[in-house]
Amino acid sequence: MKQTEPVALVTGASSGFGLLTAVALARRGYRTIATMRNPENSTDLLKKAAAAGVEEAIVVLPMDVTDQAQIHQTVSAVLQAYGRIDVLINNAGFAAGGFVEDVPMDIWRKQIETNVFGVIAVTKAVLPAMRQRGSGCIVNIGSVAGRIAFPGYGPYSTSKFALEGFSEALRLEMKPFGVRVVLLEPGPYRTDIWQKGFGSMSGRADSPYRHALQRVLRYSKKAAETAPDPAQVADRIVQIVESARPKLRYLLGWSPALSLMGKALLPWRWYEYIVERLMR
């Protein structure tokens, strides 16, 4: 490896945005460290990389973002092998759903542990190397759900709202050190995070929210079926990390932009009415 070859670390690279971003970065000449809880799940990633002719540029390493010791072990191994981490893509996460009363506390804790504390832990492990080099780019994969909460997705929205505050603070802290911090806010895209989420919605047969949850699921599945190609997000991430002065926030998708505009401009009671209508 050439000493000047940039190094990117991507979490949650076994599927979805993480997989596509790892391949897209490798295409642009990055030595890409694709991390995931179980490296045996790298089959789809390596097939995609081979088809793009960049399999040799991708290194698969284990990283469970809820395991502090493994985070430090993996980050230390990368720094020892390559001497640098230029880009961090905080993508690992999952979507937990259900109406607040029905979601067990252990699911709430798991959601926050992965989507919030996991991002914080990986970022803290990478920051010293970036700060010392005086350069780097950190991209946190948030969601429009971090700006607009939707019934039935309380745990997921809570985690993404938290990521908004974390990213703002980190951006201001790291700017004097030459480290760029960016927050992506994609709307629905055709990734398996939603299919997995649909199958793990918390609810009971006798729940007073059962019918409302069914309406939420019908609406969500319809949105997922017409969602755009997630490769668009991966391509946008590459553009962002190669930008000298990226913005803090990037809202991706036309429907999120309309939703945010409606929430900002309409009185809250009108917004509530629209959501209620959508759920009928």
# chains A, B, ... in the order shown; residues from 1 in each chain; ligands from 1
call {"tool": "residues_around", "arguments": {"residues": "A:Val100", "least_positions_apart": "6", "cutoff": "10 Å", "atoms": "only C-alpha atoms", "output": "compact mmCIF listing (two decimals) with C-alpha atoms, in the first residue's frame"}}
result
# COMPACT_ATOMS: atom_id res chain seq x y z
CA TRP A 108 -35.28 0.60 24.02
CA PRO A 151 -46.06 6.92 15.36
CA GLY A 152 -44.83 3.37 15.78
CA TYR A 153 -41.15 4.27 15.42
CA GLY A 154 -40.51 5.89 18.80
CA PRO A 155 -37.29 3.98 19.61
CA SER A 202 -43.13 -4.87 19.26
CA GLY A 203 -46.81 -5.49 19.91
CA TYR A 209 -52.52 -0.08 19.64
call {"tool": "select_by_dssp", "arguments": {"residues": "stretch 51-235 of chain A", "states": "alpha helix (DSSP H)", "output": "count of residues only"}}
result
90
call {"tool": "closest_residue", "arguments": {"among": "A:Val122, A:Ala8, A:Leu163, A:Leu258", "to": "A:Thr32", "atoms": "only C-alpha atoms"}}
result
A:Ala8
call {"tool": "closest_residue", "arguments": {"among": "A:Thr21, A:Asn38, A:Ser135, A:Gln80", "to": "A:Pro6", "atoms": "only C-alpha atoms"}}
result
A:Ser135
call {"tool": "atom_distance", "arguments": {"atom1": "atom CA of A:Ala50", "atom2": "atom CA of A:Leu79"}}
result
25.2 Å
call {"tool": "closest_atom_pairs", "arguments": {"of": "stretch 108-149 of chain A", "to": "stretch 167-186 of chain A", "cutoff": "12 Å", "atoms": "only C-alpha atoms", "output": "JSON lines"}}
result
{"residue": "A:Val116", "atom": "CA", "partner": "A:Ser167", "partner_atom": "CA", "distance": 10.7}
{"residue": "A:Val119", "atom": "CA", "partner": "A:Ser167", "partner_atom": "CA", "distance": 10.0}
{"residue": "A:Ile120", "atom": "CA", "partner": "A:Ser167", "partner_atom": "CA", "distance": 9.6}
{"residue": "A:Thr123", "atom": "CA", "partner": "A:Leu170", "partner_atom": "CA", "distance": 9.6}
{"residue": "A:Lys124", "atom": "CA", "partner": "A:Leu170", "partner_atom": "CA", "distance": 10.3}
{"residue": "A:Val126", "atom": "CA", "partner": "A:Val179", "partner_atom": "CA", "distance": 11.1}
{"residue": "A:Leu127", "atom": "CA", "partner": "A:Val179", "partner_atom": "CA", "distance": 8.7}
{"residue": "A:Pro128", "atom": "CA", "partner": "A:Phe177", "partner_atom": "CA", "distance": 10.5}
{"residue": "A:Ala129", "atom": "CA", "partner": "A:Val179", "partner_atom": "CA", "distance": 10.5}
{"residue": "A:Met130", "atom": "CA", "partner": "A:Val179", "partner_atom": "CA", "distance": 6.8}
{"residue": "A:Arg131", "atom": "CA", "partner": "A:Phe177", "partner_atom": "CA", "distance": 5.8}
{"residue": "A:Gln132", "atom": "CA", "partner": "A:Phe177", "partner_atom": "CA", "distance": 8.2}
{"residue": "A:Arg133", "atom": "CA", "partner": "A:Gly178", "partner_atom": "CA", "distance": 8.6}
{"residue": "A:Gly134", "atom": "CA", "partner": "A:Gly178", "partner_atom": "CA", "distance": 5.0}
{"residue": "A:Ser135", "atom": "CA", "partner": "A:Gly178", "partner_atom": "CA", "distance": 4.8}
{"residue": "A:Gly136", "atom": "CA", "partner": "A:Val179", "partner_atom": "CA", "distance": 4.7}
{"residue": "A:Cys137", "atom": "CA", "partner": "A:Arg180", "partner_atom": "CA", "distance": 4.6}
{"residue": "A:Ile138", "atom": "CA", "partner": "A:Val181", "partner_atom": "CA", "distance": 4.8}
{"residue": "A:Val139", "atom": "CA", "partner": "A:Val182", "partner_atom": "CA", "distance": 4.8}
{"residue": "A:Asn140", "atom": "CA", "partner": "A:Leu183", "partner_atom": "CA", "distance": 4.9}
{"residue": "A:Ile141", "atom": "CA", "partner": "A:Leu184", "partner_atom": "CA", "distance": 5.1}
{"residue": "A:Gly142", "atom": "CA", "partner": "A:Glu185", "partner_atom": "CA", "distance": 5.0}
{"residue": "A:Ser143", "atom": "CA", "partner": "A:Glu185", "partner_atom": "CA", "distance": 4.0}
{"residue": "A:Val144", "atom": "CA", "partner": "A:Glu185", "partner_atom": "CA", "distance": 4.9}
{"residue": "A:Ala145", "atom": "CA", "partner": "A:Glu185", "partner_atom": "CA", "distance": 7.9}
{"residue": "A:Gly146", "atom": "CA", "partner": "A:Glu185", "partner_atom": "CA", "distance": 7.5}
{"residue": "A:Arg147", "atom": "CA", "partner": "A:Glu185", "partner_atom": "CA", "distance": 8.4}
{"residue": "A:Ile148", "atom": "CA", "partner": "A:Glu185", "partner_atom": "CA", "distance": 10.6}
call {"tool": "atom_distance", "arguments": {"atom1": "atom CA of A:Thr226", "atom2": "atom CA of A:Phe94"}}
result
20.5 Å
call {"tool": "closest_residue", "arguments": {"among": "A:Pro39, A:Gly165, A:Gly93, A:Gly262", "to": "A:Glu113", "atoms": "only C-alpha atoms"}}
result
A:Gly93
call {"tool": "atom_distance", "arguments": {"atom1": "atom CA of A:Ala121", "atom2": "atom CA of A:Arg249"}}
result
21.2 Å
call {"tool": "select_by_dssp", "arguments": {"residues": "stretch 117-190 of chain A", "states": "strand (DSSP E)", "output": "PyMOL selection string"}}
result
chain A and resi 136-141+179-186
call {"tool": "closest_residue", "arguments": {"among": "A:Arg190, A:Arg245, A:Arg204, A:Lys263", "to": "A:Ala231", "atoms": "only C-alpha atoms"}}
result
A:Arg190
call {"tool": "closest_residue", "arguments": {"among": "A:Thr158, A:Ser243, A:Ser76, A:Thr35", "to": "A:Leu9", "atoms": "only C-alpha atoms"}}
result
A:Thr35
call {"tool": "residues_around", "arguments": {"residues": "A:Leu20", "least_positions_apart": "4", "cutoff": "9 Å", "atoms": "only C-alpha atoms", "output": "PyMOL selection string"}}
result
chain A and resi 13+15-16+24-25+45+48+230-231+233-235
